[in-house]
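A.B. asks: Below you'll find the structure I mean.
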Amino acid sequence: MAPVSTITRRPTRTVRIDAVCAGAVELAREAAEEVAGRGGVGAYLGCEPEGERSVTHYFTTNHGGYVGWRWAVSVARAPRTKAVTIDEVAMLPGTEAILAPRWLPWSERVQAGDLGPGDLLPAAPDDPRLVPGYLGPDDTDASDSLRVLNQEVGLGRIRVLSVEGRDEAAERWYTGTHGPDDPIAQAAPHPCATCGFFVSLAGPLGTVFGVCSNEYSPSDGQVVAFTHGCGAHSEIQAPVAAQESAEPNQHVLDTLGYDDAEPDVR
């Protein structure tokens, strides 16, 4: 026995365009001009069916700020009547319309460096870069975790940096302008790790990064990678000027006068 389906399938029916509504082009144009103003409606682009007795007419727009947009006027009529009425007038974007960027919430629009004096940027409750303080930040050793736990309880910090937050910061710093691939680092004679002005960070990040303390360096006060560098390295030596020859002067100048050379006759 073949299975019998109890689902009733109705054949899809193509909506036929209503001839009366399709012929109401001038009525649709007048309705669009009431909204757009005289001269704001351009050439007729055609119409599309919306239902059994409903059609939408399209017109180009002559407004300079709406290139590629079009006026859409929906008309309809009641059953067994020839009177066509206006349903809606709207301006819709076409395939070549200039559209505004996709809306983003403020939390996604804010970029690094956007905050100014008085601005506030609260961290989300589920921010993956942060974990509760009692979990410890990112140490894997048990003794270190207990030490960090005691410190966090004493300091009262509610949340601390998570492993994911640490890795994101390390990746951002290492590939940024204070990493090894920056042009100033490529031209530097020595890396930051061998510079006397380099101050290492504490914790896991201290194995890769430190802070520059040279006021003449473009990275002064910034987190720099061990492999970063600049022209203000502490061990750069000033060029030594060529010393003059130490050989004695071989030329003797005669400074005696004629009278000085006469013998003393008494």
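Just remember, in the structure tokens the first chain shown is A, the second B, etc., residues are 1-based per chain, and ligands are 1-based in the order shown.
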Would you mind listing what lies within 6 Å of Ser217 (chain A) as a PyMOL selection string, with only C-alpha atoms counted and same-chain residues fewer than 3 positions away left out?

C.D. replies: chain A and resi 214+220+232

A.B. asks: Output all heavy atoms for every residue in the selection just made, as a CSV table (one decimal), in the first residue's frame.

C.D. replies:
```csv
chain,number,residue,atom,x,y,z
A,214,ASN,N,62.1,56.2,26.4
A,214,ASN,CA,63.0,57.2,25.8
A,214,ASN,C,62.1,58.4,25.3
A,214,ASN,O,61.3,58.2,24.3
A,214,ASN,CB,63.8,56.6,24.7
A,214,ASN,CG,64.9,57.5,24.2
A,214,ASN,OD1,64.9,58.7,24.5
A,214,ASN,ND2,65.8,57.0,23.4
A,220,ASP,N,57.8,56.6,22.7
A,220,ASP,CA,57.8,56.9,24.2
A,220,ASP,C,56.5,56.7,24.8
A,220,ASP,O,55.5,57.3,24.4
A,220,ASP,CB,58.3,58.3,24.3
A,220,ASP,CG,58.5,58.7,25.8
A,220,ASP,OD1,58.9,57.9,26.6
A,220,ASP,OD2,58.1,59.9,26.1
A,232,ALA,N,66.5,55.6,18.1
A,232,ALA,CA,66.9,56.2,19.4
A,232,ALA,C,67.4,55.1,20.4
A,232,ALA,O,67.3,55.3,21.6
A,232,ALA,CB,65.8,57.0,20.1
```

A.B. asks: Which residues are close to region 183-193 of chain A, i.e. within 7 Å by only C-alpha atoms, leaving aside same-chain residues fewer than 3 positions away? Reply as a ChimeraX atom specification.

C.D. replies: /A:180,198,226-231,233

A.B. asks: List every residue of region 55-85 of chain A that has an atom at most 6 Å from any atom of region 97-109 of chain A, and for each one report the closest atom pair and its distance in Å to one decimal, counting only C-alpha atoms, with rows sorted by chain and then by increasing residue number, as a tab-separated table.

C.D. replies:
```
residue	atom	partner	partner_atom	distance
A:Val67	CA	A:Ala97	CA	5.8
A:Gly68	CA	A:Ala97	CA	3.9
A:Trp69	CA	A:Ala97	CA	5.3
```

A.B. asks: How about saving the chosen residues, all heavy atoms kept, as a JSON list (two decimals), in the first residue's frame?

C.D. replies:
```json
[["chain", "number", "residue", "atom", "x", "y", "z"],
["A", 67, "VAL", "N", 19.44, 59.69, -7.16],
["A", 67, "VAL", "CA", 19.80, 59.02, -8.41],
["A", 67, "VAL", "C", 19.52, 57.53, -8.27],
["A", 67, "VAL", "O", 19.93, 56.88, -7.31],
["A", 67, "VAL", "CB", 21.29, 59.26, -8.73],
["A", 67, "VAL", "CG1", 21.67, 58.52, -10.01],
["A", 67, "VAL", "CG2", 21.57, 60.74, -8.87],
["A", 68, "GLY", "N", 18.81, 56.98, -9.25],
["A", 68, "GLY", "CA", 18.50, 55.56, -9.24],
["A", 68, "GLY", "C", 17.24, 55.19, -8.47],
["A", 68, "GLY", "O", 16.85, 54.02, -8.47],
["A", 69, "TRP", "N", 16.60, 56.16, -7.80],
["A", 69, "TRP", "CA", 15.36, 55.89, -7.10],
["A", 69, "TRP", "C", 14.18, 56.05, -8.05],
["A", 69, "TRP", "O", 14.32, 56.57, -9.16],
["A", 69, "TRP", "CB", 15.21, 56.84, -5.91],
["A", 69, "TRP", "CG", 16.16, 56.53, -4.78],
["A", 69, "TRP", "CD1", 17.52, 56.60, -4.82],
["A", 69, "TRP", "CD2", 15.81, 56.11, -3.47],
["A", 69, "TRP", "NE1", 18.05, 56.26, -3.61],
["A", 69, "TRP", "CE2", 17.02, 55.96, -2.75],
["A", 69, "TRP", "CE3", 14.61, 55.87, -2.82],
["A", 69, "TRP", "CZ2", 17.05, 55.55, -1.42],
["A", 69, "TRP", "CZ3", 14.63, 55.47, -1.49],
["A", 69, "TRP", "CH2", 15.84, 55.31, -0.81]]
```

A.B. asks: Using only C-alpha atoms, pick whichever of A:Glu88, A:Glu164, A:Glu235, A:Glu171 has the shortest atom-to-atom distance to Ala31 (chain A).

C.D. replies: A:Glu88

A.B. asks: Find the distance between CA of Val75 (chain A) and CA of Glu96 (chain A) and write it in Å to one decimal.

C.D. replies: 25.1 Å

A.B. asks: Any idea what the distance is between CA of Ser74 (chain A) and CA of Gly39 (chain A)?

C.D. replies: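 Computing the Euclidean distance for CA of Ser74 (chain A) and CA of Gly39 (chain A) yields 20.0 Å.
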
A.B. asks: Which parts of region 1-79 of chain A does DSSP call strand (DSSP E or B) when run on the backbone here, written out as a PyMOL selection string?

C.D. replies: chain A and resi 41-51+54-61+69-77

A.B. asks: Of the candidates A:Val20, A:Val131, A:Cys195, A:Val208, which one gets nearest to Ala83 (chain A) if we count only C-alpha atoms?

C.D. replies: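 Among the listed residues, A:Val20 lies closest to Ala83 (chain A).
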
A.B. asks: Please identify which residues in region 1-139 of chain A DSSP calls alpha helix (DSSP H) from the backbone, and express them as a ChimeraX atom specification.

C.D. replies: /A:19-22,25-36,106-109

A.B. asks: Under the rule that only C-alpha atoms are counted, which of A:Leu201, A:Val224, A:Ala123, A:Ile236 is the nearest residue to Asp182 (chain A)?

C.D. replies: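 Residue with the minimum atom-to-atom distance to Asp182 (chain A): A:Val224.
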
A.B. asks: Please provide the set of residues having any atom within 10 Å of Trp71 (chain A), restricted to only C-alpha atoms, with same-chain residues fewer than 5 positions apart removed, written as a list in words.

C.D. replies: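 Contacts, with the query itself left out: Ala28, Arg29, Ala32, Glu33, Val35, Ala36, Gly40, Val41, Gly42, Tyr44, Leu45, Thr56, His57, Tyr58, Phe59, Thr60, Thr61, Asn62, Val89, Ala90, Met91, Leu92, Pro93 and Gly94 of chain A.
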
A.B. asks: What does the distance from CA of Val211 (chain A) to CA of Gln111 (chain A) come to in Å, to one decimal?

C.D. replies: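 We find that CA of Val211 (chain A) and CA of Gln111 (chain A) lie 23.6 Å from each other.
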
A.B. asks: Neighbouring residues of region 52-55 of chain A were defined as those with any atom within 7 Å, considering only C-alpha atoms; residues of the same chain fewer than 4 positions away were excluded. Please report them as a PyMOL selection string.

C.D. replies: chain A and resi 15-16+18+21-22+47-48+74-77
